[in-house]
Each structure stands twice: as structure tokens, then as C-alpha cells.
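Visitor: What follows is coords.cif, made up of mmCIF, C-alpha atoms and all ligand atoms:
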data_start
loop_
_atom_site.label_atom_id
_atom_site.label_comp_id
_atom_site.auth_asym_id
_atom_site.auth_seq_id
_atom_site.Cartn_x
_atom_site.Cartn_y
_atom_site.Cartn_z
CA MET A 1156 11.14 -7.97 90.78
CA ASN A 1157 7.88 -6.87 92.42
CA LEU A 1158 7.50 -3.20 91.62
CA HIS A 1159 5.64 -2.61 94.83
CA SER A 1160 8.13 -4.27 97.14
CA PRO A 1161 10.42 -2.23 99.40
CA TYR A 1162 13.32 -3.96 97.62
CA PHE A 1163 12.34 -2.29 94.37
CA TYR A 1164 12.40 1.11 96.02
CA SER A 1165 15.80 0.47 97.58
CA TYR A 1166 17.15 -0.96 94.29
CA LEU A 1167 15.87 2.11 92.44
CA HIS A 1168 17.39 4.36 95.04
CA SER A 1169 20.84 2.85 95.10
CA ASN A 1170 21.23 2.07 91.41
CA VAL A 1171 19.27 4.70 89.54
CA ILE A 1172 18.30 7.70 91.59
CA ASN A 1173 21.75 8.40 93.00
CA ASN A 1174 23.10 8.61 89.48
CA LEU A 1175 20.58 11.17 88.24
CA PRO A 1176 21.36 14.90 88.08
CA ILE A 1177 18.05 15.69 89.82
CA PRO A 1178 17.70 16.55 93.52
CA VAL A 1179 17.25 13.21 95.30
CA ASN A 1180 14.42 14.46 97.50
CA VAL A 1181 12.35 15.33 94.47
CA ILE A 1182 12.80 11.86 93.03
CA ARG A 1183 12.08 10.20 96.39
CA LEU A 1184 8.86 12.13 96.78
CA PHE A 1185 7.79 11.42 93.20
CA VAL A 1186 8.59 7.68 93.25
CA PHE A 1187 7.18 7.13 96.69
CA THR A 1188 3.89 8.90 96.03
CA SER A 1189 3.56 7.28 92.59
CA LEU A 1190 3.96 3.83 94.13
CA LEU A 1191 1.43 4.61 96.81
CA LEU A 1192 -1.08 5.79 94.24
CA GLN A 1193 -0.50 2.74 92.03
CA ARG A 1194 -1.14 0.44 95.00
CA ASN A 1195 -4.51 2.02 95.54
CA THR A 1196 -3.69 1.94 99.22
CA ASP A 1197 -5.68 3.40 102.06
CA ILE A 1198 -2.67 5.31 103.34
CA PRO A 1199 -3.65 8.98 103.05
CA VAL A 1200 -1.58 10.70 100.42
CA CYS A 1201 -1.24 14.44 100.43
CA THR A 1202 -2.12 15.29 96.83
CA ASP A 1203 -0.54 18.71 97.22
CA ALA A 1204 2.74 16.98 97.98
CA VAL A 1205 2.32 14.83 94.89
CA GLN A 1206 1.56 17.89 92.79
CA THR A 1207 4.53 19.77 94.21
CA GLY A 1208 6.82 16.81 93.65
CA MET A 1209 5.63 16.40 90.10
CA SER A 1210 5.88 20.05 89.24
CA MET A 1211 9.36 20.27 90.80
CA LEU A 1212 10.34 17.23 88.77
CA ARG A 1213 8.90 18.82 85.64
CA LYS A 1214 10.75 22.04 86.24
CA THR A 1215 13.97 20.20 86.96
CA LYS A 1216 13.58 18.01 83.89
CA TYR A 1217 13.01 20.91 81.55
CA ILE A 1218 16.34 22.58 81.87
CA MET A 1219 15.87 26.01 80.32
CA GLU A 1220 18.18 25.06 77.47
CA PHE A 1221 16.47 27.42 75.01
CA LYS A 1222 16.09 30.36 77.40
CA ASP A 1223 15.98 33.63 75.46
CA LYS A 1224 16.28 31.78 72.13
CA ILE A 1225 14.03 33.04 69.37
CA VAL A 1226 12.41 30.01 67.73
CA LEU A 1227 10.34 30.08 64.52
CA ILE A 1228 8.09 27.11 63.74
CA THR A 1229 6.12 27.06 60.50
CA GLY A 1230 2.94 25.01 60.33
CA ALA A 1231 2.61 25.28 64.12
CA ALA A 1232 -1.20 25.43 64.20
CA SER A 1233 -1.46 21.67 64.54
CA GLY A 1234 0.26 18.28 64.75
CA ILE A 1235 4.05 18.04 64.94
CA GLY A 1236 4.52 21.82 64.65
CA ARG A 1237 2.16 22.59 67.54
CA GLN A 1238 3.73 20.04 69.91
CA THR A 1239 7.22 21.25 68.96
CA ALA A 1240 6.20 24.83 69.74
CA ILE A 1241 4.94 23.73 73.16
CA GLU A 1242 8.17 21.84 73.92
CA PHE A 1243 10.43 24.76 72.98
CA ALA A 1244 8.37 27.12 75.13
CA LYS A 1245 8.61 24.71 78.11
CA ARG A 1246 12.37 24.95 77.79
CA GLY A 1247 12.42 28.74 77.86
CA GLY A 1248 12.27 29.58 74.16
CA THR A 1249 10.32 32.54 72.78
CA VAL A 1250 8.27 30.85 70.08
CA ILE A 1251 6.93 32.36 66.88
CA VAL A 1252 3.99 30.20 65.88
CA SER A 1253 3.47 30.61 62.14
CA ASP A 1254 0.80 29.08 59.91
CA VAL A 1255 -1.89 29.88 57.33
CA ASN A 1256 -4.43 28.65 59.89
CA GLU A 1257 -5.10 31.61 62.22
CA LYS A 1258 -7.50 29.80 64.55
CA GLY A 1259 -5.16 26.85 65.12
CA GLY A 1260 -2.20 29.20 65.50
CA ALA A 1261 -4.00 31.21 68.18
CA GLU A 1262 -4.87 27.97 69.99
CA THR A 1263 -1.20 26.92 70.03
CA VAL A 1264 -0.23 30.30 71.50
CA GLN A 1265 -2.97 29.92 74.14
CA LEU A 1266 -1.76 26.44 75.10
CA ILE A 1267 1.77 27.80 75.56
CA GLU A 1268 0.66 30.84 77.53
CA ASN A 1269 -1.51 28.69 79.79
CA GLU A 1270 1.69 26.93 80.91
CA GLY A 1271 3.52 30.24 81.44
CA GLY A 1272 5.48 30.10 78.16
CA LYS A 1273 6.17 32.85 75.63
CA ALA A 1274 4.66 32.68 72.14
CA THR A 1275 3.20 34.87 69.44
CA PHE A 1276 1.32 34.05 66.23
CA ILE A 1277 2.29 35.46 62.85
CA LYS A 1278 0.15 34.41 59.90
CA ASN A 1279 2.26 33.25 56.99
CA ASN A 1280 1.97 31.26 53.78
CA VAL A 1281 5.32 29.53 53.17
CA ALA A 1282 4.51 29.13 49.47
CA ASP A 1283 4.75 32.90 49.00
CA SER A 1284 8.39 34.07 48.95
CA SER A 1285 7.61 37.70 49.74
CA GLU A 1286 5.50 36.69 52.76
CA VAL A 1287 8.36 34.54 54.02
CA GLU A 1288 10.86 37.38 53.54
CA GLN A 1289 8.50 39.67 55.48
CA LEU A 1290 8.07 37.07 58.25
CA ILE A 1291 11.82 36.89 58.92
CA HIS A 1292 12.08 40.68 58.73
CA THR A 1293 9.28 41.08 61.29
CA ILE A 1294 10.86 38.54 63.68
CA VAL A 1295 14.25 40.26 63.56
CA GLU A 1296 12.70 43.70 63.95
CA ARG A 1297 10.70 42.55 67.00
CA TYR A 1298 13.16 40.21 68.72
CA GLY A 1299 16.58 41.12 67.31
CA SER A 1300 17.56 37.63 66.10
CA LEU A 1301 16.39 34.27 64.82
CA ASP A 1302 18.20 31.47 66.64
CA ILE A 1303 16.25 28.34 65.66
CA ALA A 1304 13.97 27.65 62.70
CA ILE A 1305 11.79 24.55 62.30
CA ASN A 1306 10.55 24.46 58.71
CA ASN A 1307 7.63 22.14 59.28
CA ALA A 1308 4.64 23.44 57.25
CA GLY A 1309 3.53 20.82 54.78
CA VAL A 1310 0.65 19.13 52.98
CA GLY A 1311 0.16 15.51 52.00
CA GLY A 1312 -1.51 15.81 48.61
CA GLY A 1313 -3.95 13.30 47.18
CA ALA A 1314 -3.48 9.65 46.29
CA ALA A 1315 -2.98 8.88 42.60
CA ARG A 1316 -0.53 7.19 40.28
CA LEU A 1317 1.86 9.60 38.59
CA ALA A 1318 0.06 9.73 35.21
CA ASP A 1319 -3.16 10.69 36.99
CA VAL A 1320 -1.73 13.49 39.13
CA SER A 1321 -3.09 16.85 38.01
CA ILE A 1322 -0.72 19.68 37.13
CA GLU A 1323 -2.39 21.82 39.85
CA GLU A 1324 -1.81 19.13 42.48
CA TRP A 1325 1.87 18.89 41.50
CA HIS A 1326 2.37 22.65 41.80
CA ASP A 1327 0.39 22.90 45.06
CA VAL A 1328 2.41 20.24 46.85
CA MET A 1329 5.77 21.35 45.44
CA SER A 1330 5.14 25.03 46.20
CA ILE A 1331 4.34 24.39 49.88
CA ASN A 1332 6.59 21.44 50.73
CA ALA A 1333 9.66 22.15 48.56
CA SER A 1334 9.63 25.83 47.54
CA GLY A 1335 8.27 26.71 51.00
CA VAL A 1336 11.31 25.14 52.69
CA PHE A 1337 13.65 26.80 50.16
CA TYR A 1338 12.14 30.27 50.78
CA CYS A 1339 12.30 29.80 54.55
CA MET A 1340 15.91 28.62 54.48
CA LYS A 1341 16.96 31.42 52.11
CA TYR A 1342 15.78 34.22 54.41
CA GLU A 1343 16.58 32.42 57.67
CA LEU A 1344 20.16 31.80 56.51
CA GLN A 1345 20.63 35.44 55.48
CA GLN A 1346 19.79 36.44 59.05
CA MET A 1347 21.77 33.63 60.68
CA MET A 1348 24.84 34.64 58.65
CA LYS A 1349 24.47 38.22 59.95
CA GLN A 1350 24.28 37.08 63.57
CA GLY A 1351 26.97 34.38 63.13
CA SER A 1352 24.95 31.43 64.44
CA GLY A 1353 21.82 29.40 63.87
CA ASN A 1354 20.12 26.04 63.85
CA ILE A 1355 17.62 24.83 61.25
CA VAL A 1356 15.55 21.64 61.20
CA ASN A 1357 13.52 20.86 58.08
CA ILE A 1358 10.70 18.38 58.43
CA ALA A 1359 11.04 15.94 55.55
CA SER A 1360 9.69 12.37 55.70
CA VAL A 1361 10.74 8.79 55.07
CA ALA A 1362 9.14 9.66 51.71
CA GLY A 1363 12.19 11.91 51.25
CA LEU A 1364 14.37 8.79 51.27
CA ARG A 1365 12.32 6.12 49.53
CA ALA A 1366 9.33 5.56 47.26
CA LEU A 1367 5.76 5.87 48.50
CA PRO A 1368 3.47 4.72 45.68
CA ASN A 1369 0.51 6.98 44.78
CA SER A 1370 2.20 10.03 46.30
CA SER A 1371 4.69 11.20 43.65
CA PRO A 1372 4.38 14.98 44.30
CA TYR A 1373 4.79 14.43 48.06
CA VAL A 1374 7.75 12.07 47.55
CA ALA A 1375 9.43 14.48 45.12
CA SER A 1376 8.89 17.42 47.47
CA LYS A 1377 10.35 15.58 50.46
CA HIS A 1378 13.37 14.36 48.45
CA ALA A 1379 13.89 18.05 47.62
CA VAL A 1380 13.82 18.92 51.34
CA VAL A 1381 16.50 16.30 52.09
CA GLY A 1382 18.64 17.57 49.20
CA LEU A 1383 18.33 21.20 50.30
CA THR A 1384 19.20 20.22 53.87
CA LYS A 1385 22.36 18.31 52.96
CA THR A 1386 23.60 20.92 50.51
CA ALA A 1387 23.03 23.87 52.83
CA ALA A 1388 24.55 21.96 55.77
CA LYS A 1389 27.82 21.69 53.82
CA GLU A 1390 27.67 25.30 52.62
CA TYR A 1391 27.22 26.68 56.16
CA ALA A 1392 29.11 24.08 58.25
CA ARG A 1393 31.94 26.52 58.99
CA LYS A 1394 29.60 29.40 59.77
CA ASN A 1395 28.32 28.09 63.10
CA ILE A 1396 24.99 27.14 61.52
CA ARG A 1397 23.74 23.55 61.75
CA ILE A 1398 21.06 22.30 59.34
CA ASN A 1399 19.38 18.90 59.67
CA ALA A 1400 16.22 17.16 58.48
CA LEU A 1401 13.79 14.95 60.35
CA CYS A 1402 12.30 12.05 58.40
CA PRO A 1403 9.18 10.84 60.22
CA VAL A 1404 7.27 7.72 59.34
CA PHE A 1405 3.42 7.79 59.57
CA THR A 1406 2.60 9.93 62.61
CA VAL A 1407 -0.97 10.36 63.82
CA THR A 1408 -1.98 13.98 63.06
CA ALA A 1409 -4.54 15.81 60.91
CA LEU A 1410 -2.31 15.09 57.91
CA PHE A 1411 -2.20 11.35 58.64
CA ASP A 1412 -5.40 10.26 60.33
CA PRO A 1413 -5.71 6.44 60.26
CA GLU A 1414 -9.43 6.54 61.13
CA LYS A 1415 -10.26 8.77 58.16
CA ILE A 1416 -8.01 6.73 55.86
CA GLU A 1417 -9.76 3.55 56.99
CA GLN A 1418 -13.13 5.05 56.00
CA GLY A 1419 -11.93 5.88 52.47
CA LEU A 1420 -9.57 2.96 51.92
CA PRO A 1421 -10.49 0.09 54.26
CA GLY A 1422 -7.50 -1.99 55.32
CA LEU A 1423 -4.85 0.53 54.24
CA PRO A 1424 -3.83 1.65 57.76
CA ASP A 1425 -3.19 -1.99 58.75
CA LYS A 1426 -1.09 -2.51 55.63
CA LEU A 1427 0.94 0.63 56.35
CA LYS A 1428 1.44 -0.43 59.96
CA ALA A 1429 2.56 -3.88 58.85
CA ALA A 1430 5.38 -2.25 56.85
CA ILE A 1431 6.83 -0.73 60.02
CA PRO A 1432 9.03 -3.21 61.92
CA MET A 1433 7.82 -1.87 65.30
CA LYS A 1434 4.22 -2.49 64.11
CA ARG A 1435 2.71 0.83 65.16
CA PHE A 1436 2.40 4.40 63.94
CA ALA A 1437 4.53 7.11 65.51
CA GLU A 1438 3.33 9.56 68.13
CA VAL A 1439 3.80 13.29 67.66
CA GLN A 1440 5.89 13.47 70.83
CA GLU A 1441 8.42 11.06 69.32
CA MET A 1442 9.03 13.53 66.47
CA THR A 1443 9.19 16.50 68.80
CA ASP A 1444 11.77 14.80 71.04
CA ALA A 1445 14.03 14.25 68.02
CA ILE A 1446 13.63 17.88 66.88
CA ILE A 1447 14.54 19.14 70.36
CA TRP A 1448 17.65 16.95 70.33
CA LEU A 1449 18.70 18.24 66.90
CA CYS A 1450 18.45 21.82 68.21
CA SER A 1451 20.21 21.14 71.50
CA GLU A 1452 23.88 21.22 72.42
CA LYS A 1453 23.73 17.43 72.73
CA SER A 1454 23.87 17.21 68.93
CA SER A 1455 26.56 19.88 68.55
CA PHE A 1456 28.57 17.91 65.95
CA VAL A 1457 25.55 16.86 63.87
CA THR A 1458 24.81 18.64 60.60
CA GLY A 1459 23.50 17.46 57.22
CA LEU A 1460 21.69 14.53 58.85
CA ALA A 1461 18.39 13.19 57.53
CA LEU A 1462 17.29 11.60 60.81
CA GLN A 1463 14.84 8.74 60.40
CA VAL A 1464 12.35 8.34 63.22
CA ASP A 1465 10.53 5.42 61.70
CA GLY A 1466 10.20 2.35 63.93
CA GLY A 1467 12.85 0.66 61.80
CA MET A 1468 11.21 1.14 58.40
CA MET A 1469 14.35 2.32 56.61
CA ALA A 1470 16.64 -0.30 58.15
N1 LIG B 1 2.00 13.00 59.97
C1 LIG B 1 2.81 12.21 59.27
O1 LIG B 1 2.60 11.00 59.13
C2 LIG B 1 4.05 12.79 58.66
C3 LIG B 1 5.03 11.89 58.17
C4 LIG B 1 6.17 12.40 57.59
C5 LIG B 1 6.34 13.77 57.50
N2 LIG B 1 5.39 14.62 57.96
C6 LIG B 1 5.61 16.05 57.80
O2 LIG B 1 5.50 16.70 59.04
C7 LIG B 1 5.10 18.06 58.82
C8 LIG B 1 3.95 18.40 59.77
O3 LIG B 1 2.86 17.61 59.42
P1 LIG B 1 1.73 17.14 60.46
O4 LIG B 1 1.62 15.68 60.34
O5 LIG B 1 1.95 17.75 61.78
O6 LIG B 1 0.45 17.74 59.74
P2 LIG B 1 -0.63 18.85 60.18
O7 LIG B 1 -1.59 18.91 59.04
O8 LIG B 1 -1.15 18.55 61.53
O9 LIG B 1 0.23 20.19 60.24
C9 LIG B 1 0.69 20.86 59.10
C10 LIG B 1 0.51 22.35 59.31
O10 LIG B 1 1.04 23.04 58.17
C11 LIG B 1 0.17 24.13 57.89
N3 LIG B 1 0.32 24.56 56.50
C12 LIG B 1 -0.12 23.93 55.40
N4 LIG B 1 0.17 24.68 54.30
C13 LIG B 1 0.80 25.79 54.74
C14 LIG B 1 1.35 26.93 54.11
N5 LIG B 1 1.26 27.09 52.78
N6 LIG B 1 1.96 27.88 54.87
C15 LIG B 1 2.03 27.74 56.22
N7 LIG B 1 1.49 26.70 56.87
C16 LIG B 1 0.89 25.73 56.15
C17 LIG B 1 -1.22 23.59 58.17
O11 LIG B 1 -2.17 24.62 58.35
C18 LIG B 1 -0.97 22.77 59.43
O12 LIG B 1 -1.17 23.53 60.60
C19 LIG B 1 4.75 18.18 57.35
O13 LIG B 1 5.81 18.78 56.64
C20 LIG B 1 4.58 16.74 56.93
O14 LIG B 1 4.83 16.53 55.57
C21 LIG B 1 4.25 14.16 58.54
#
Since I need it in another form, could you write the structure as C-alpha cells?

Guide:
Amino acid sequence: MNLHSPYFYSYLHSNVINNLPIPVNVIRLFVFTSLLLQRNTDIPVCTDAVQTGMSMLRKTKYIMEFKDKIVLITGAASGIGRQTAIEFAKRGGTVIVSDVNEKGGAETVQLIENEGGKATFIKNNVADSSEVEQLIHTIVERYGSLDIAINNAGVGGGAARLADVSIEEWHDVMSINASGVFYCMKYELQQMMKQGSGNIVNIASVAGLRALPNSSPYVASKHAVVGLTKTAAKEYARKNIRINALCPVFTVTALFDPEKIEQGLPGLPDKLKAAIPMKRFAEVQEMTDAIIWLCSEKSSFVTGLALQVDGGMMA
């Protein structure tokens, strides 16, 4: 079907638009102006109308499903954590951006505030249990509750076969990725038990479900995250607290930068991509969308899940 034909518009209207829970006029305006712009036509288009239509659509799309929810995201100064913070704020959440990286954390807060969202930065090292205890205490003192926690802070570690991994490297990776998630869950759950509700998502990895040669500390730490998630999910299933893990495949961020990897190990990014059935790396937004779903009412009967978002790698 020709996308620019009037038949396409009428097909869209009768079969798709009428079934959407969005005001029809907003959709009409959006589709119509988009088609006009795509056609590069001479018909004058009022860009204000386009802007209004798009912003109405955006507002309608982002139902304020996390309005007044207090959301903690660790490691939110960059990558998956930053984008997740932005998405929660768009949906009405009050976001606590936490990270060891103050500059990046402040940038995330700025990005959220620029769009009219609510966020604050609290510096925190997840590998330090007393800092984590203090972080949860501060959040509850300031906001009165902790509704959602995304335990995302993590490091990749170096590349070496197990016998060549240094003791320091092992402890570094385990203390941030595994102990860090344990400390966060411990203090988050204490608060969630007091308030009688909560939702936790731990960011694991496909390396929490399978081997990834030359990354034994990372793999061990992410298997620990999956184990902690499943165990806690069962322990708190009857307490109105859901706990799930996300298991991303290679996602382009500072932690996994194919261009830098290519410089150090030519050909490796292509080999990694070849191992993914969909033959591409993931985008940050694809991880964030899954996290939002895990925290929404749409997944109300889901707990203890290690959700693979992996282009088919684990199939
Ligand atoms: N990018 C990928 O390919 C990929 C794949 C699977 C899983 N993951 C996981 O996703 C999570 C986010 O990674 P990303 O790809 O967005 O990387 P990223 O490097 O962009 O973000 C990680 C963030 O964690 C912060 N951090 C590191 N150590 C910390 C500590 N001790 N305390 C608090 N914050 C700390 C960093 O400052 C950074 O802002 C990590 O847990 C990572 O293991 C990433």
C-alpha cells in the first residue's frame, strides 16, 4: 500500500486510530502533518500545529503512571540508568539520581528538569554498605517513602582468562556489581516492608545466565544478581513487593562502546554481533522500556523474572 495515498490514511483511520485510547483529533493532526512533511510538499504546514499535535500526543502517550512515586536509580549518571531516570520522570515520578559520578549525575538531573520533570542527585557508592544505608535513610526522611528502586550501578571489569584475573579486579567487580545490589536490596526492602509495598528491578545481564569468556568476575557478579533477585522475589511475594531482574545483551553505552572495543580488539564487535540472532546491538531505550514495564501495573503478576532483552541470544 502506498503510504502517501489517501487510501492509507483512511485505512489507518478506520482500522487503527479508532481503536486507540488517544483522542482521535490528536492522532489525525499528527498523522496528517507527518505525511505532509514526509511528502516534502509545497502545501504550507503550520509548524506550530505540528508541534502542538506532537506535544499533545507525547503528553497523552506518557500517562502519568508513576505520578508521586519516589524512584531511586543507582548508576544514573550515564547509559541505561540515565535514560531510565528520564523515562520515569516523564511519567510523573520523582527521581533520585544516584551515582559516584557527580558531574554525570547533575547532567541527568538537568536533562530531566529541562523537560519539566522532578529529580535530585545524591552521590553514593553502592559498594559501601553504610553509604547505601544512609542513602535510603535520606530518601525516606526527605520524601517519606521509596516506591521503586532500580539497582543499576555496575562496572564491566577487564578482559582476561580466569587464572589471569587479579585478586583486586575480582573484589572490585564483585563489590560493586554483586555486594552493591545486595546492600541496596537489604535497605530498600527494610523500607518497603515498613510501607507495605514496593517494586525492585536489578540490572543483571545475559552474563548472569550464561558464560561470557574472559569476563569471569563480571559473569559471577551477574549470576549473583539473578540469584538474589529470584530468592528475594520468593521471600517477599506475599508482602506486596515485586522483585525482577533485567538481563540485557550488549547495549551501546560507556560500559560497552563498540568503537573503543574495535580499536583495542579489531573484529571483536562484529563477532559479538554475529552471536546475536537479530544481528545488532541493543539500544538503551530498549532496556528502559522493559524496566518501565516491569515497574508498571501491566506486569502486576510478574515477580522473580530474569527478563532477557537480547535479540534472541538466549533462545
Ligand atoms: N551496556 C551493556 O552492554 C550492558 C549489558 C548487560 C548489562 N549491563 C548492565 O547495565 C548496568 C548499566 O550499565 P551501562 O551500560 O548503562 O553502563 P554505564 O557505564 O553507562 O553506567 C554505569 C553507571 O554506574 C556508575 N557506577 C559505577 N560504579 C559505581 C558505584 N560503585 N556506585 C555507584 N555508581 C557506580 C557509573 O558511574 C555509571 O554512571 C550495569 O549494571 C551493567 O552491568 C550493561

Visitor: With distances taken over only C-alpha atoms and all ligand atoms, which of A:Gly1259, A:Gly1459, A:Gly1299, A:Gly1309 is nearest to ligand LIG 1 (chain B)?

Guide: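 Of A:Gly1259, A:Gly1459, A:Gly1299, A:Gly1309, the one nearest ligand LIG 1 (chain B), counting only C-alpha atoms and all ligand atoms, is A:Gly1309.
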
Visitor: Counting all atoms listed in the file, name the residues that have an atom within 7 Å of an atom of ligand LIG 1 (chain B); the answer should be given as number ranges by chain.

Guide: A: 1229-1236, 1253-1256, 1259, 1279-1282, 1307-1311, 1331-1332, 1358-1361, 1402-1411

Visitor: For a test of reading the model, state the distance in Å between atom CA of Asn1269 of chain A and atom CA of Ala1244 of chain A, rounded to one decimal.

Guide: 11.0 Å

Visitor: My list of candidates is A:Ser1352, A:Lys1377, A:Ser1321, A:Gln1238. Which is closest to Leu1364 of chain A when distances are computed with all atoms listed in the file?

Guide: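 Once distances to Leu1364 of chain A are computed over all atoms listed in the file, the minimum belongs to A:Lys1377.
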
Visitor: Of the candidates A:Phe1276, A:Trp1325, A:Phe1436, A:Phe1456, which shows the shortest atom-to-atom distance to Val1374 of chain A, using all atoms listed in the file?

Guide: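 That would be A:Trp1325, the residue with the smallest distance to Val1374 of chain A.
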
Visitor: Ranking A:Leu1290, A:Val1295, A:Val1439, A:Ile1398 by minimum distance to Lys1385 of chain A and counting only C-alpha atoms, which one comes first?

Guide: A:Ile1398

Visitor: Using all atoms listed in the file for the distances, tell me which of A:Met1219, A:Val1380, A:Ala1445, A:Met1469 is nearest to Ser1330 of chain A.

Guide: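 Smallest distance to Ser1330 of chain A is found for A:Val1380.
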
Visitor: Identify which of the residues A:Arg1397, A:His1378, A:Glu1414, A:Lys1428 lies closest to Arg1365 of chain A, counting all atoms listed in the file when measuring atom-to-atom distances.

Guide: A:His1378
